[in-house]
>>> print(open('upload.tsv').read())   # TSV, C-alpha atoms
chain	number	residue	atom	x	y	z
A	1	MET	CA	0.00	0.00	0.00
A	2	THR	CA	1.57	3.31	-1.08
A	3	ILE	CA	-0.84	6.03	0.12
A	4	SER	CA	-2.48	6.65	3.48
A	5	VAL	CA	-4.65	9.52	4.73
A	6	ALA	CA	-4.94	10.07	8.50
A	7	GLY	CA	-3.49	6.57	8.95
A	8	ARG	CA	-6.11	4.99	6.67
A	9	PRO	CA	-4.79	3.04	3.65
A	10	ILE	CA	-5.97	4.27	0.24
A	11	PRO	CA	-5.96	1.22	-2.07
A	12	GLN	CA	-7.79	2.95	-4.92
A	13	ALA	CA	-8.97	6.41	-6.00
A	14	ALA	CA	-12.54	5.62	-4.91
A	15	SER	CA	-11.28	5.36	-1.32
A	16	LEU	CA	-10.88	9.14	-1.33
A	17	SER	CA	-13.92	11.37	-0.85
A	18	GLU	CA	-15.65	12.75	-3.93
A	19	LEU	CA	-14.64	16.22	-2.80
A	20	CYS	CA	-10.97	15.27	-2.75
A	21	ARG	CA	-11.20	13.58	-6.15
A	22	LEU	CA	-12.86	16.64	-7.66
A	23	VAL	CA	-10.16	18.93	-6.31
A	24	LEU	CA	-7.43	16.62	-7.60
A	25	ALA	CA	-9.01	16.94	-11.04
A	26	PHE	CA	-8.42	20.71	-10.91
A	27	ILE	CA	-4.69	20.11	-10.36
A	28	ASP	CA	-2.92	19.61	-13.66
A	29	GLY	CA	-1.52	16.07	-13.45
A	30	GLY	CA	-3.23	15.40	-10.10
A	31	GLN	CA	-5.28	12.41	-11.21
A	32	GLU	CA	-2.34	10.98	-13.14
A	33	TRP	CA	-0.08	11.32	-10.10
A	34	LEU	CA	-2.64	9.50	-7.96
A	35	ALA	CA	-2.84	6.62	-10.45
A	36	TRP	CA	0.95	6.39	-10.55
A	37	ALA	CA	1.33	6.50	-6.77
A	38	LEU	CA	-1.28	3.78	-6.26
A	39	ALA	CA	0.58	1.51	-8.67
A	40	ALA	CA	4.16	2.33	-7.66
A	41	PRO	CA	5.39	-0.38	-5.24
A	42	ALA	CA	8.44	1.57	-4.06
A	43	ALA	CA	6.63	4.84	-3.30
A	44	ARG	CA	4.94	5.65	-0.01
A	45	TYR	CA	3.01	8.78	0.89
A	46	ASP	CA	1.36	9.51	4.24
A	47	PHE	CA	-0.93	12.52	4.53
A	48	ALA	CA	-2.50	13.96	7.68
A	49	ASP	CA	-5.81	14.53	5.86
A	50	GLU	CA	-7.21	15.02	2.37
A	51	THR	CA	-6.60	18.77	2.45
A	52	THR	CA	-2.91	18.10	3.08
A	53	LEU	CA	-2.93	15.61	0.23
A	54	VAL	CA	-4.22	18.05	-2.40
A	55	ALA	CA	-1.98	20.85	-1.10
A	56	GLN	CA	1.16	18.72	-1.29
A	57	VAL	CA	0.27	17.25	-4.68
A	58	GLN	CA	-0.16	20.77	-6.09
A	59	GLN	CA	3.09	21.97	-4.51
A	60	GLY	CA	5.01	18.85	-5.49
A	61	LEU	CA	3.93	18.85	-9.13
A	62	HIS	CA	4.13	22.58	-9.81
A	63	ALA	CA	6.28	24.13	-7.04
A	64	SER	CA	3.41	26.53	-6.41
A	65	PRO	CA	0.51	26.48	-3.93
A	66	LEU	CA	-1.90	27.82	-6.57
A	67	ALA	CA	-3.65	25.75	-9.20
A	68	LEU	CA	-4.59	27.33	-12.53
A	69	LEU	CA	-8.08	26.78	-13.90
A	70	PRO	CA	-7.37	28.02	-17.44
A	71	VAL	CA	-10.95	28.16	-18.74
A	72	LEU	CA	-12.11	30.20	-15.77
A	73	THR	CA	-8.77	32.08	-15.73
A	74	LEU	CA	-8.69	31.46	-11.99
A	75	LEU	CA	-5.63	31.00	-9.79
A	76	VAL	CA	-6.71	29.33	-6.55
A	77	SER	CA	-5.26	27.05	-3.92
A	78	PRO	CA	-6.63	23.50	-3.83
A	79	VAL	CA	-6.95	24.06	-0.07
A	80	LYS	CA	-9.49	26.80	-0.79
A	81	LEU	CA	-11.30	24.55	-3.24
A	82	MET	CA	-11.71	21.94	-0.48
A	83	THR	CA	-13.86	24.47	1.43
A	84	LEU	CA	-16.37	25.07	-1.38
A	85	GLY	CA	-18.57	22.04	-0.80
A	86	LEU	CA	-19.62	19.44	-3.35
A	87	ALA	CA	-22.43	21.37	-5.04
A	88	ASP	CA	-20.36	24.48	-5.68
A	89	LEU	CA	-17.31	22.47	-6.69
A	90	ARG	CA	-19.39	20.55	-9.25
A	91	ALA	CA	-20.68	23.82	-10.69
A	92	LEU	CA	-17.12	25.08	-10.97
A	93	ALA	CA	-16.07	21.83	-12.66
A	94	LYS	CA	-18.85	22.16	-15.26
A	95	ALA	CA	-17.78	25.68	-16.12
A	96	GLU	CA	-14.11	24.67	-16.30
A	97	SER	CA	-15.02	21.77	-18.62
A	98	GLY	CA	-16.32	24.30	-21.15
A	99	ASP	CA	-20.05	24.24	-20.40
A	100	THR	CA	-21.20	27.73	-21.44
A	101	SER	CA	-24.90	27.26	-20.81
A	102	THR	CA	-26.80	30.09	-19.14
A	103	VAL	CA	-27.51	27.99	-16.08
A	104	VAL	CA	-23.88	27.01	-15.53
A	105	ALA	CA	-22.69	30.58	-16.17
A	106	ALA	CA	-25.09	31.87	-13.52
A	107	GLN	CA	-23.99	29.16	-11.09
A	108	MET	CA	-20.34	29.99	-11.69
A	109	GLN	CA	-20.88	33.70	-10.99
A	110	ARG	CA	-22.69	32.85	-7.76
A	111	VAL	CA	-19.92	30.47	-6.66
A	112	LEU	CA	-17.23	33.06	-7.38
A	113	ALA	CA	-19.15	35.72	-5.46
A	114	ASP	CA	-20.07	33.50	-2.50
A	115	HIS	CA	-16.50	32.35	-2.00
A	116	ARG	CA	-14.82	35.63	-2.98
A	117	LEU	CA	-12.85	34.09	-5.81
A	118	LEU	CA	-11.37	36.57	-8.27
A	119	PRO	CA	-10.48	35.41	-11.80
A	120	GLN	CA	-7.98	37.13	-14.05
A	121	ALA	CA	-10.31	39.86	-15.38
A	122	ASP	CA	-11.16	41.03	-11.85
A	123	LEU	CA	-7.55	41.07	-10.71
A	124	ALA	CA	-6.35	42.74	-13.92
A	125	ALA	CA	-8.95	45.52	-13.51
A	126	VAL	CA	-6.79	46.83	-10.68
A	127	ASP	CA	-4.18	47.97	-13.22
A	128	SER	CA	-6.55	50.22	-15.17
A	129	TRP	CA	-8.05	51.51	-11.93
A	130	LEU	CA	-4.62	52.51	-10.62
A	131	ALA	CA	-3.89	54.11	-13.99
A	132	GLY	CA	-7.08	56.15	-13.69
A	133	LEU	CA	-5.84	57.39	-10.33
A	134	GLY	CA	-2.48	58.26	-11.87
A	135	VAL	CA	-0.46	55.98	-9.58
A	136	ASP	CA	-0.01	52.83	-11.68
A	137	HIS	CA	3.70	53.47	-12.26
A	138	ALA	CA	4.53	53.84	-8.56
A	139	PRO	CA	7.45	51.55	-7.67
A	140	LEU	CA	5.59	49.89	-4.78
A	141	PHE	CA	3.32	48.16	-7.33
A	142	GLN	CA	6.16	46.59	-9.31
A	143	ALA	CA	5.98	43.06	-7.84
A	144	MET	CA	2.46	42.35	-6.67
A	145	GLY	CA	1.24	38.88	-5.78
A	146	LEU	CA	-2.24	37.48	-5.33
A	147	THR	CA	-2.64	38.84	-1.79
A	148	GLU	CA	-1.86	42.39	-2.86
A	149	ARG	CA	-4.12	42.27	-5.91
A	150	VAL	CA	-7.02	40.89	-3.88
A	151	ALA	CA	-6.63	43.69	-1.32
A	152	LEU	CA	-6.52	46.35	-4.05
A	153	CYS	CA	-9.54	44.81	-5.74
A	154	GLU	CA	-11.48	45.04	-2.48
A	155	LEU	CA	-10.47	48.68	-2.13
A	156	MET	CA	-11.42	49.40	-5.73
A	157	ARG	CA	-14.87	47.89	-5.36
A	158	GLY	CA	-15.61	49.48	-2.01
A	159	PRO	CA	-17.68	47.95	0.79
A	160	ASN	CA	-20.97	47.80	-1.14
A	161	ASP	CA	-20.50	48.31	-4.87
A	162	PRO	CA	-19.60	45.04	-6.67
A	163	ASP	CA	-18.26	47.02	-9.63
A	164	ALA	CA	-15.43	49.50	-9.70
A	165	ALA	CA	-16.73	53.05	-9.48
A	166	PRO	CA	-15.20	55.93	-11.46
A	167	ALA	CA	-12.57	57.78	-9.47
A	168	ASP	CA	-13.61	61.16	-8.10
A	169	GLY	CA	-11.55	64.05	-6.76
A	170	LEU	CA	-11.31	62.65	-3.25
A	171	ASP	CA	-10.15	59.29	-4.62
A	172	GLN	CA	-7.38	61.08	-6.49
A	173	GLU	CA	-6.36	62.92	-3.33
A	174	ALA	CA	-6.35	59.75	-1.24
A	175	ALA	CA	-4.31	57.92	-3.89
A	176	ALA	CA	-1.73	60.72	-4.07
A	177	PHE	CA	-1.39	60.77	-0.28
A	178	ALA	CA	-1.14	56.97	-0.03
A	179	ILE	CA	1.56	56.81	-2.71
A	180	GLN	CA	3.68	59.27	-0.73
A	181	GLN	CA	3.36	57.35	2.53
A	182	ALA	CA	3.09	53.67	1.62
A	183	ARG	CA	5.98	51.29	1.05
A	184	THR	CA	3.88	48.23	0.15
A	185	PRO	CA	0.56	47.73	-1.70
A	186	LEU	CA	-1.14	46.72	1.56
A	187	GLU	CA	0.02	49.94	3.20
A	188	TYR	CA	-1.32	51.81	0.18
A	189	VAL	CA	-4.76	50.32	0.89
A	190	ASP	CA	-4.48	51.38	4.54
A	191	TYR	CA	-3.48	54.96	3.79
A	192	VAL	CA	-6.25	55.41	1.21
A	193	ARG	CA	-8.83	54.30	3.78
A	194	PHE	CA	-7.21	56.48	6.44
A	195	TYR	CA	-7.35	59.57	4.21
A	196	GLN	CA	-10.96	58.92	3.20
A	197	ALA	CA	-12.02	58.43	6.83
A	198	LEU	CA	-10.41	61.72	7.90
A	199	ALA	CA	-12.02	63.60	5.02
A	200	ALA	CA	-15.44	62.17	5.91
A	201	GLN	CA	-15.36	63.34	9.53
A	202	PRO	CA	-18.33	65.54	10.40
A	203	GLY	CA	-17.46	69.18	10.93
A	204	THR	CA	-13.93	68.88	9.58
A	205	SER	CA	-12.29	72.25	8.92
A	206	ALA	CA	-10.21	70.88	6.03
A	207	GLN	CA	-12.23	71.96	3.00
A	208	THR	CA	-9.59	72.05	0.26
A	209	PRO	CA	-7.30	69.34	-1.13
A	210	GLU	CA	-4.27	71.08	0.34
A	211	ALA	CA	-5.87	71.37	3.76
A	212	ARG	CA	-6.97	67.75	3.72
A	213	ALA	CA	-3.52	66.55	2.72
A	214	ASN	CA	-1.88	68.63	5.44
A	215	GLN	CA	-4.35	67.39	8.05
A	216	ALA	CA	-3.78	63.78	7.01
A	217	THR	CA	0.01	64.19	7.19
A	218	GLN	CA	-0.07	65.81	10.61
A	219	THR	CA	-2.55	63.25	11.97
A	220	MET	CA	-0.51	60.34	10.63
A	221	GLN	CA	2.72	61.70	12.10
A	222	GLY	CA	1.09	62.19	15.49
A	223	LEU	CA	-0.72	58.84	15.67
A	224	LEU	CA	1.64	56.31	14.08
A	225	PRO	CA	4.14	56.21	16.99
A	226	LEU	CA	1.25	55.42	19.34
A	227	PHE	CA	0.82	52.05	17.62
A	228	PHE	CA	4.38	50.79	18.11
A	229	GLY	CA	3.15	48.83	21.13
A	230	ALA	CA	0.25	47.32	19.21
A	231	LEU	CA	2.14	45.02	16.86
A	232	ASP	CA	2.71	41.89	18.97
A	233	CYS	CA	0.65	38.91	17.82
A	234	PRO	CA	0.32	35.18	18.57
A	235	GLN	CA	1.45	32.70	15.94
A	236	LEU	CA	0.31	29.21	14.94
A	237	SER	CA	1.35	26.68	12.34
A	238	GLY	CA	-0.95	25.16	9.75
A	239	LEU	CA	-4.59	26.17	9.25
A	240	PRO	CA	-6.24	26.13	12.68
A	241	SER	CA	-9.96	25.85	13.31
A	242	PRO	CA	-11.91	28.78	14.80
A	243	GLY	CA	-11.78	26.92	18.13
A	244	GLU	CA	-7.99	26.67	18.00
A	245	VAL	CA	-7.72	30.36	17.11
A	246	SER	CA	-10.01	31.21	20.02
A	247	GLN	CA	-7.93	29.13	22.45
A	248	THR	CA	-4.68	30.68	21.24
A	249	VAL	CA	-6.02	34.21	21.51
A	250	SER	CA	-7.50	33.49	24.93
A	251	GLY	CA	-4.18	32.13	26.20
A	252	TRP	CA	-2.33	35.09	24.72
A	253	LEU	CA	-4.64	37.58	26.45
A	254	THR	CA	-4.57	35.67	29.73
A	255	SER	CA	-0.79	35.98	29.77
A	256	GLY	CA	-1.18	39.76	29.76
A	257	ARG	CA	-0.31	40.33	26.13
A	258	ARG	CA	-2.39	42.12	23.50
A	259	VAL	CA	-3.37	40.96	20.02
A	260	GLY	CA	-2.01	43.67	17.77
A	261	PHE	CA	-2.21	44.68	14.13
A	262	SER	CA	-0.13	43.21	11.33
A	263	ARG	CA	1.37	46.62	10.44
A	264	LEU	CA	1.36	50.19	11.76
A	265	SER	CA	-0.77	51.59	8.96
A	266	GLU	CA	-3.49	49.01	9.59
A	267	GLY	CA	-3.84	50.09	13.21
A	268	LEU	CA	-3.87	53.73	12.17
A	269	GLN	CA	-6.70	53.43	9.67
A	270	GLN	CA	-8.78	51.17	11.89
A	271	PHE	CA	-8.54	53.65	14.75
A	272	VAL	CA	-9.62	56.63	12.64
A	273	ARG	CA	-12.39	54.71	10.89
A	274	HIS	CA	-13.93	53.10	13.96
A	275	THR	CA	-13.75	55.76	16.67
A	276	SER	CA	-14.93	59.34	17.04
A	277	TYR	CA	-11.35	60.61	16.92
A	278	HIS	CA	-11.35	64.28	15.89
A	279	ASN	CA	-7.87	65.80	15.65
A	280	GLU	CA	-6.82	65.05	19.24
A	281	THR	CA	-3.06	65.27	19.78
A	282	GLY	CA	-0.49	64.50	22.46
A	283	ALA	CA	-1.73	62.90	25.68
A	284	ALA	CA	-5.36	63.14	24.58
A	285	ALA	CA	-4.65	61.16	21.42
A	286	GLN	CA	-2.64	58.60	23.36
A	287	ARG	CA	-5.54	58.06	25.77
A	288	LEU	CA	-7.93	57.49	22.86
A	289	VAL	CA	-5.59	55.00	21.19
A	290	GLU	CA	-5.10	53.09	24.44
A	291	LEU	CA	-8.84	53.10	25.03
A	292	TYR	CA	-9.49	51.75	21.53
A	293	ILE	CA	-6.84	49.02	21.79
A	294	GLY	CA	-7.94	48.11	25.32
A	295	SER	CA	-11.58	47.87	24.27
A	296	ALA	CA	-10.55	45.59	21.41
A	297	GLN	CA	-8.73	43.27	23.81
A	298	SER	CA	-11.76	43.15	26.14
A	299	PHE	CA	-13.96	42.27	23.19
A	300	LEU	CA	-11.60	39.52	22.00
A	301	ALA	CA	-11.51	38.08	25.52
A	302	ALA	CA	-15.31	37.90	25.66
A	303	ALA	CA	-16.31	36.93	22.11
A	304	ARG	CA	-15.58	33.80	20.10
A	305	PRO	CA	-15.02	33.37	16.33
A	306	ARG	CA	-18.42	32.83	14.73
A	307	LEU	CA	-17.54	32.67	11.06
A	308	SER	CA	-14.35	31.84	9.19
A	309	ARG	CA	-13.45	32.47	5.56
A	310	MET	CA	-10.35	31.14	3.83
A	311	GLY	CA	-8.54	33.31	1.34
A	312	GLN	CA	-8.11	32.42	-2.32
A	313	ASP	CA	-4.48	31.59	-1.57
A	314	GLY	CA	-5.48	28.78	0.81
A	315	ALA	CA	-3.03	30.08	3.41
A	316	THR	CA	-4.83	33.07	4.92
A	317	CYS	CA	-8.09	33.04	6.83
A	318	THR	CA	-10.32	35.62	8.52
A	319	TYR	CA	-12.40	34.92	11.62
A	320	THR	CA	-15.40	37.12	12.42
A	321	LEU	CA	-16.46	37.82	15.99
A	322	GLU	CA	-19.74	39.57	16.81
A	323	ALA	CA	-21.51	40.47	20.03
A	324	GLY	CA	-24.09	43.16	20.69
A	325	ASN	CA	-23.38	46.03	18.33
A	326	GLN	CA	-19.67	45.29	18.04
A	327	GLN	CA	-17.67	43.33	15.51
A	328	ALA	CA	-14.06	42.29	15.03
A	329	GLU	CA	-12.06	40.30	12.55
A	330	LEU	CA	-8.96	38.29	13.30
A	331	GLN	CA	-6.72	37.38	10.40
A	332	LEU	CA	-4.45	34.38	10.11
A	333	GLY	CA	-1.62	35.36	7.78
A	334	ALA	CA	0.32	33.09	5.49
A	335	ASN	CA	3.09	33.14	8.12
A	336	GLY	CA	0.72	31.85	10.82
A	337	VAL	CA	0.47	35.19	12.64
A	338	ILE	CA	-2.95	35.98	14.13
A	339	SER	CA	-3.57	39.72	14.01
A	340	LEU	CA	-6.43	42.10	14.65
A	341	ARG	CA	-7.71	42.95	11.18
A	342	SER	CA	-10.53	45.19	12.35
A	343	TYR	CA	-12.51	46.20	15.42
A	344	GLY	CA	-15.43	48.57	15.72
A	345	LEU	CA	-19.17	48.86	15.78
A	346	GLN	CA	-21.21	46.99	13.23
A	347	PRO	CA	-22.17	49.01	10.13
A	348	SER	CA	-25.70	49.68	11.44
A	349	ALA	CA	-24.34	51.26	14.62
A	350	THR	CA	-22.88	54.74	15.14
A	351	ALA	CA	-19.21	55.18	16.02
A	352	VAL	CA	-18.49	56.01	19.63
A	353	GLN	CA	-15.33	57.04	21.40
A	354	ALA	CA	-15.27	54.33	24.05
A	355	PRO	CA	-16.95	51.05	23.04
A	356	THR	CA	-18.23	49.09	26.03
A	357	PRO	CA	-16.94	45.50	26.16
A	358	PRO	CA	-19.80	43.06	25.43
A	359	ALA	CA	-21.09	40.22	27.53
A	360	MET	CA	-19.88	36.70	26.75
A	361	PRO	CA	-21.83	35.43	23.72
A	362	GLN	CA	-22.78	31.83	23.10
A	363	GLU	CA	-20.23	30.10	20.88
A	364	THR	CA	-21.53	28.90	17.54
A	365	ALA	CA	-19.97	26.72	14.89
A	366	SER	CA	-18.21	28.36	11.98
>>> encode(input="upload.tsv", output="structure tokens")
Amino acid sequence: MTISVAGRPIPQAASLSELCRLVLAFIDGGQEWLAWALAAPAARYDFADETTLVAQVQQGLHASPLALLPVLTLLVSPVKLMTLGLADLRALAKAESGDTSTVVAAQMQRVLADHRLLPQADLAAVDSWLAGLGVDHAPLFQAMGLTERVALCELMRGPNDPDAAPADGLDQEAAAFAIQQARTPLEYVDYVRFYQALAAQPGTSAQTPEARANQATQTMQGLLPLFFGALDCPQLSGLPSPGEVSQTVSGWLTSGRRVGFSRLSEGLQQFVRHTSYHNETGAAAQRLVELYIGSAQSFLAAARPRLSRMGQDGATCTYTLEAGNQQAELQLGANGVISLRSYGLQPSATAVQAPTPPAMPQETAS
């Protein structure tokens, strides 16, 4: 016997689940490798589970964690495909096989939207969008990967509009500011959101592009150093369950440490977007930052991950926590670091300066 999964011998392809067999079919050479391995007397492969099997087959055959579905022009990790479920995976397989019927096309669009999968056309639209903002030739965009393009695509589309909206004057301002401050595409996303949040503050005295840019620069310079102590994060290996993430975060908080942000700019934009900060400086600003970070830690200690969503890369995952009118997202990065991706009131609520930690909610399955 040459293959085992979770200690169980696999004498034939039918011994694997249908889900696993379908995902293997999306890996170029995956089915052929399985047939060879089953017949090769000298080879032996032991996998912890079927997800590990498809991930290692993809990596072993192509030296890349991403499989290419050429008909759908989709780059996606087989690990992500394992989370789709049989019905959606079958719909994807029909579309990839060349079925162009109206029904299959509609199913494919739903599957892509439900699982936040972005094919080539969506990812490539980022280039023309950046060109429209006049920043496409900025050096920080010279070597973007899937993670960066997905983040830019989310920024381009906005929180509600599924299609890219034409850039307006404020978008141009935010882009120009972000290009000056950012050193990575992800920081660019942060600084755009930071600038937009400042400009949208009620009663702001900055009414011209120059005034808004100056305000943003001064605010950034005053607030960024206050987040130096908010960058420590727990770290795990593999792809943990929401329960494992919850236990790790709980242990981290119990030890007196705080779950921080993955980068300074992320903390900065989250603070401005999710509090009633209004140009406070010095000790007053420091108190507000500490209050925001402390409230986030209290929320994380009380709430539990309710939903989880794996990224298209199969290595990142977000975990949503909700209780009362508050919401947070933890993000598991490709390096296993668990960081605070966002914390604030839910969209239907109004921002406040000092969120009150919620009561312990009932844990639900992801």
>>> axis_aligned_box(input="upload.tsv", around="stretch 183-198 of chain A", padding_each_side="4 Å", output="lines of an AutoDock Vina configuration file")
center_x = -3.0
center_y = 54.2
center_z = 3.1
size_x = 26.0
size_y = 23.0
size_z = 17.6
>>> residues_around(input="upload.tsv", residues="A:Val54", least_positions_apart="4", cutoff="10 Å", atoms="all atoms listed in the file", output="PyMOL selection string")
chain A and resi 20-21+23-27+30+47+49-50+58-60+65+77-79+81-82
>>> closest_residue(input="upload.tsv", among="A:Ser97, A:Gln12, A:Gln120, A:Ser262", to="A:Leu231", atoms="all atoms listed in the file")
A:Ser262
>>> closest_residue(input="upload.tsv", among="A:Gly158, A:Pro185, A:Pro242, A:Gly169", to="A:Asp136", atoms="only C-alpha atoms")
A:Pro185
>>> atom_distance(input="upload.tsv", atom1="atom CA of A:Leu89", atom2="atom CA of A:Glu244")
26.7 Å
>>> atom_distance(input="upload.tsv", atom1="atom CA of A:Val259", atom2="atom CA of A:Ala301")
10.2 Å
>>> atom_distance(input="upload.tsv", atom1="atom CA of A:Leu253", atom2="atom CA of A:Ser339")
12.7 Å
>>> residues_around(input="upload.tsv", residues="A:Leu146", least_positions_apart="2", cutoff="10 Å", atoms="only C-alpha atoms", output="list in words")
Leu66, Leu75, Val76, Leu118, Leu123, Met144, Glu148, Arg149, Val150, Ala151, Leu152, Gln312 and Asp313 of chain A
>>> closest_residue(input="upload.tsv", among="A:Val289, A:His278, A:Asp122, A:Leu38", to="A:Ser205", atoms="all atoms listed in the file")
A:His278
>>> residues_near_point(input="upload.tsv", point="(-6.8, 48.1, 16.3)", cutoff="7 Å", atoms="only C-alpha atoms", output="ChimeraX atom specification")
/A:260-261,267,270-271,292-293,296,340,342-343
